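Engineer: Questions regarding the structure given below will be posed in turn.
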Amino acid sequence: MKKQALLERIAGIQNLTASERKLARYFEQEFAALPFENIESLSKKSGVSKSSISRFATRLGYANFRTFLQEIRQNAANGLDSPLKRHALRVKKSDPVEALLHRHLQSVRTNLRLTLEQIKPGNFTRALELLCDENRRLFLVGCGGSGFLMGYCAMFMSYIRNNLTLLDGDSPDIAYRVARRKGNAVFLVMTTQRYANLSSTILRYAHERGHETILLTDSYSAPGLQYATVPLVVQIEGGGMFRTRGPALAVLEALISGMSARFGSEAPERLAAIEELNRLLGSYQVR
């Protein structure tokens, strides 16, 4: 939702209460910060109770405050949908060099908090159960920056379990690896703005053939979300040329940590085999 659209909705409400007028002023003055708020922080900063905020969101035409905030966040993401646009904005609003680290880490912290609030514990648990099922082949799918994170993920997951395949946008043989597999695989797909066509296509293909699908993305309106058995939606907003992938990486690392715990006695045996082969290959320098 753009600022003007929000103000128009507010203007269309008759007989605003004192709390609603206070919220309306806050929304107008602090609109740019709304994507990083939640109902608790908004209540504290505006001085309006959480119940009043929820009722105001309903009066604005939303099912609840969460739906209102999702639209605010989606609009913020759409307004910065390419590195070129983000770079242009960054040049106009450059910070002193000494402030860059602080600003970026503060942004990552905010995104991590929002991610923790919106990922349902049941979804995380279900995703972990699917990733630990070695009776199912596991496909990791990503393109661009998401592909690099899937590669990172694949390296560590391969220490823990067998039967794993990494698919990325540069793989010329994706169709040969995936086709004719029916109903017994798990696909972990990561895609964020700008959403890769390959990732959403593989997600739909897997779903339609009865496979289980886990989608790690940044929006509840992301392409292919309806094909996800388990959605894991993270926040990756920020003011730099590129969005932070910190929260997505943190969720992946949490899944890896959970997998290592669930495999119990089997993980050390596989780790030992990998380390022995690395020793024979002379893969690493020992000091």
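The way I read the labels, and the way they are meant: chains A, B, ... in the order of the structure tokens, residue 1 as the first residue of every chain, and ligand 1 as the first ligand shown, with later ones counted on from there.
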Please extract the residues of range 29-157 of chain A with a backbone DSSP assignment of alpha helix (DSSP H) and present them as an NGL selection string.
Structural biologist: :A and (29 or 39-46 or 50-59 or 65-78 or 83-92 or 97-118 or 121-131 or 144-157)
Engineer: Pick out each residue of range 143-186 of chain A that DSSP on the backbone tags as strand (DSSP E); I need them as a ChimeraX atom specification.
Structural biologist: /A:164-168,185-186
Engineer: What is the distance, in Å and to one decimal place, between CA of Lys45 in chain A and CA of Thr110 in chain A?
Structural biologist: 15.4 Å
Engineer: CA of Ser219 in chain A and CA of Ser51 in chain A, how far apart in Å?
Structural biologist: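 Rounded to one decimal, the two atoms are 25.3 Å apart.
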Engineer: List as a PDB file with C-alpha atoms, in the first residue's frame the protein and nucleic acid residues near range 271-287 of chain A, meaning an atom at most 10 Å away when only C-alpha atoms are counted, but skip any in the same chain fewer than 6 places from it.
Structural biologist:
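Wrote it out as part-v5.pdb, contents follow:
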ATOM      1  CA  SER A 158      25.359 -33.782   2.926  1.00  0.00           C
ATOM      2  CA  TYR A 159      27.348 -34.306   6.129  1.00  0.00           C
ATOM      3  CA  ILE A 160      24.141 -35.400   7.817  1.00  0.00           C
ATOM      4  CA  ARG A 161      22.036 -37.339   5.295  1.00  0.00           C
TER       5      ARG A 161
END
Engineer: Please, which residues in range 171-233 of chain A fall within 12 Å of range 141-148 of chain A when counting only C-alpha atoms, and what is the closest atom pair and distance in Å to one decimal for each, ordered by chain then residue number, as a Markdown table?
Structural biologist:
| residue | atom | partner | partner_atom | distance |
| --- | --- | --- | --- | --- |
| A:Ser171 | CA | A:Cys143 | CA | 10.0 |
| A:Ile174 | CA | A:Val141 | CA | 10.0 |
| A:Val178 | CA | A:Val141 | CA | 11.1 |
| A:Val186 | CA | A:Val141 | CA | 10.6 |
| A:Phe187 | CA | A:Val141 | CA | 7.1 |
| A:Leu188 | CA | A:Val141 | CA | 6.1 |
| A:Val189 | CA | A:Val141 | CA | 4.6 |
| A:Met190 | CA | A:Gly142 | CA | 5.3 |
| A:Thr191 | CA | A:Ser146 | CA | 6.2 |
| A:Thr192 | CA | A:Ser146 | CA | 7.5 |
| A:Gln193 | CA | A:Ser146 | CA | 10.1 |
| A:Arg194 | CA | A:Gly144 | CA | 9.9 |
| A:Tyr195 | CA | A:Cys143 | CA | 9.0 |
| A:Ala196 | CA | A:Cys143 | CA | 6.5 |
| A:Asn197 | CA | A:Cys143 | CA | 9.1 |
| A:Leu198 | CA | A:Cys143 | CA | 7.7 |
| A:Ser199 | CA | A:Gly142 | CA | 6.1 |
| A:Ser200 | CA | A:Gly142 | CA | 9.7 |
| A:Thr201 | CA | A:Val141 | CA | 10.7 |
| A:Ile202 | CA | A:Val141 | CA | 8.1 |
| A:Leu203 | CA | A:Val141 | CA | 8.8 |
| A:Ala206 | CA | A:Val141 | CA | 11.3 |
| A:Thr213 | CA | A:Val141 | CA | 10.6 |
| A:Ile214 | CA | A:Val141 | CA | 10.1 |
| A:Leu215 | CA | A:Val141 | CA | 9.6 |
| A:Leu216 | CA | A:Ser146 | CA | 9.6 |
| A:Thr217 | CA | A:Ser146 | CA | 9.6 |
| A:Asp218 | CA | A:Ser146 | CA | 11.5 |
Engineer: Any chance you can output those residues with N, CA, C and O atoms as a CSV table (one decimal), in the first residue's frame?
Structural biologist:
chain,number,residue,atom,x,y,z
A,171,SER,N,22.2,-25.4,-13.9
A,171,SER,CA,22.3,-26.9,-14.1
A,171,SER,C,21.5,-27.2,-15.5
A,171,SER,O,20.3,-27.0,-15.5
A,174,ILE,N,18.6,-30.3,-15.3
A,174,ILE,CA,17.5,-30.3,-14.3
A,174,ILE,C,16.4,-31.3,-14.7
A,174,ILE,O,15.9,-32.1,-13.9
A,178,VAL,N,14.9,-34.5,-12.5
A,178,VAL,CA,13.7,-34.4,-11.8
A,178,VAL,C,12.5,-35.3,-12.4
A,178,VAL,O,11.7,-35.8,-11.7
A,186,VAL,N,11.2,-34.8,-1.6
A,186,VAL,CA,11.0,-33.5,-0.9
A,186,VAL,C,11.8,-32.5,-1.7
A,186,VAL,O,13.0,-32.7,-2.0
A,187,PHE,N,11.2,-31.3,-2.0
A,187,PHE,CA,11.8,-30.2,-2.6
A,187,PHE,C,11.9,-29.0,-1.7
A,187,PHE,O,10.9,-28.5,-1.2
A,188,LEU,N,13.1,-28.6,-1.4
A,188,LEU,CA,13.3,-27.4,-0.6
A,188,LEU,C,13.7,-26.3,-1.6
A,188,LEU,O,14.8,-26.3,-2.2
A,189,VAL,N,12.8,-25.3,-1.8
A,189,VAL,CA,12.9,-24.3,-2.8
A,189,VAL,C,13.1,-23.0,-2.1
A,189,VAL,O,12.3,-22.6,-1.2
A,190,MET,N,14.1,-22.2,-2.5
A,190,MET,CA,14.2,-20.8,-2.0
A,190,MET,C,14.1,-19.9,-3.2
A,190,MET,O,14.8,-20.0,-4.2
A,191,THR,N,13.2,-18.9,-3.1
A,191,THR,CA,13.1,-17.8,-4.1
A,191,THR,C,12.6,-16.6,-3.4
A,191,THR,O,11.7,-16.6,-2.6
A,192,THR,N,13.3,-15.4,-3.7
A,192,THR,CA,12.9,-14.2,-3.1
A,192,THR,C,12.9,-13.1,-4.3
A,192,THR,O,13.3,-13.4,-5.4
A,193,GLN,N,12.4,-11.9,-4.0
A,193,GLN,CA,12.3,-10.9,-5.0
A,193,GLN,C,13.7,-10.6,-5.5
A,193,GLN,O,14.7,-10.5,-4.7
A,194,ARG,N,13.9,-10.6,-6.9
A,194,ARG,CA,13.0,-10.9,-7.9
A,194,ARG,C,12.8,-12.4,-8.1
A,194,ARG,O,13.8,-13.0,-8.3
A,195,TYR,N,11.6,-12.9,-8.1
A,195,TYR,CA,11.4,-14.3,-8.1
A,195,TYR,C,11.8,-15.0,-9.4
A,195,TYR,O,11.3,-14.6,-10.4
A,196,ALA,N,12.6,-16.1,-9.2
A,196,ALA,CA,13.1,-16.8,-10.4
A,196,ALA,C,12.0,-17.7,-11.0
A,196,ALA,O,11.3,-18.5,-10.2
A,197,ASN,N,11.8,-17.6,-12.3
A,197,ASN,CA,10.7,-18.5,-12.9
A,197,ASN,C,11.0,-20.0,-12.7
A,197,ASN,O,10.1,-20.8,-12.5
A,198,LEU,N,12.3,-20.3,-12.8
A,198,LEU,CA,12.7,-21.7,-12.7
A,198,LEU,C,12.2,-22.3,-11.3
A,198,LEU,O,11.7,-23.4,-11.3
A,199,SER,N,12.5,-21.5,-10.3
A,199,SER,CA,12.1,-22.0,-8.9
A,199,SER,C,10.6,-22.2,-8.8
A,199,SER,O,10.2,-23.3,-8.3
A,200,SER,N,9.8,-21.3,-9.2
A,200,SER,CA,8.4,-21.4,-9.1
A,200,SER,C,7.8,-22.5,-10.0
A,200,SER,O,6.9,-23.2,-9.7
A,201,THR,N,8.5,-22.7,-11.2
A,201,THR,CA,8.1,-23.8,-12.1
A,201,THR,C,8.3,-25.2,-11.5
A,201,THR,O,7.5,-26.1,-11.5
A,202,ILE,N,9.5,-25.3,-10.9
A,202,ILE,CA,9.9,-26.6,-10.3
A,202,ILE,C,9.0,-26.9,-9.1
A,202,ILE,O,8.5,-28.0,-8.9
A,203,LEU,N,8.6,-25.8,-8.3
A,203,LEU,CA,7.7,-26.0,-7.2
A,203,LEU,C,6.4,-26.5,-7.6
A,203,LEU,O,5.8,-27.4,-7.0
A,206,ALA,N,6.6,-30.1,-8.9
A,206,ALA,CA,6.8,-31.1,-7.8
A,206,ALA,C,5.4,-31.3,-7.1
A,206,ALA,O,5.0,-32.4,-6.8
A,213,THR,N,6.7,-30.2,-0.7
A,213,THR,CA,7.5,-29.0,-1.1
A,213,THR,C,7.6,-28.1,0.1
A,213,THR,O,6.6,-27.8,0.8
A,214,ILE,N,8.8,-27.6,0.3
A,214,ILE,CA,9.1,-26.6,1.4
A,214,ILE,C,9.5,-25.3,0.6
A,214,ILE,O,10.5,-25.4,-0.2
A,215,LEU,N,8.9,-24.2,0.8
A,215,LEU,CA,9.2,-22.9,0.2
A,215,LEU,C,9.7,-21.9,1.2
A,215,LEU,O,9.0,-21.5,2.1
A,216,LEU,N,11.0,-21.5,1.0
A,216,LEU,CA,11.6,-20.4,1.8
A,216,LEU,C,11.5,-19.2,0.9
A,216,LEU,O,12.2,-19.1,-0.1
A,217,THR,N,10.7,-18.2,1.3
A,217,THR,CA,10.5,-17.0,0.5
A,217,THR,C,10.4,-15.8,1.4
A,217,THR,O,10.4,-15.9,2.6
A,218,ASP,N,10.1,-14.6,0.8
A,218,ASP,CA,10.0,-13.4,1.5
A,218,ASP,C,8.7,-12.7,1.5
A,218,ASP,O,8.5,-11.6,1.9
Engineer: Give me, as a ChimeraX atom specification, all polymer residues having an atom no more than 9 Å from Leu128 in chain A, counting only C-alpha atoms and skipping those fewer than 5 positions away in the same chain.
Structural biologist: /A:123,133,255-256,258-259
Engineer: Ranking A:Phe31, A:Phe65, A:Tyr152, A:Tyr205 by minimum distance to Tyr227 in chain A and counting only C-alpha atoms, which one comes first?
Structural biologist: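 Comparing A:Phe31, A:Phe65, A:Tyr152, A:Tyr205 against Tyr227 in chain A, the winner is A:Tyr205.
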Engineer: Would you please work out which residue, of A:Asp168, A:Glu20, A:Glu8, A:Glu208, is nearest to Ser49 in chain A when using only C-alpha atoms?
Structural biologist: A:Glu20
Engineer: Neighbours of Glu253 in chain A within 12 Å (only C-alpha atoms; same-chain residues fewer than 5 positions away dropped), as a list in words?
Structural biologist: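 Near Glu253 in chain A, the qualifying residues are Leu128, Leu149, Met150, Tyr152, Cys153, Ala154, Met155, Phe156, Met157, Gly246, Pro247, Ala248, Gly258, Met259 and Ser260 of chain A.
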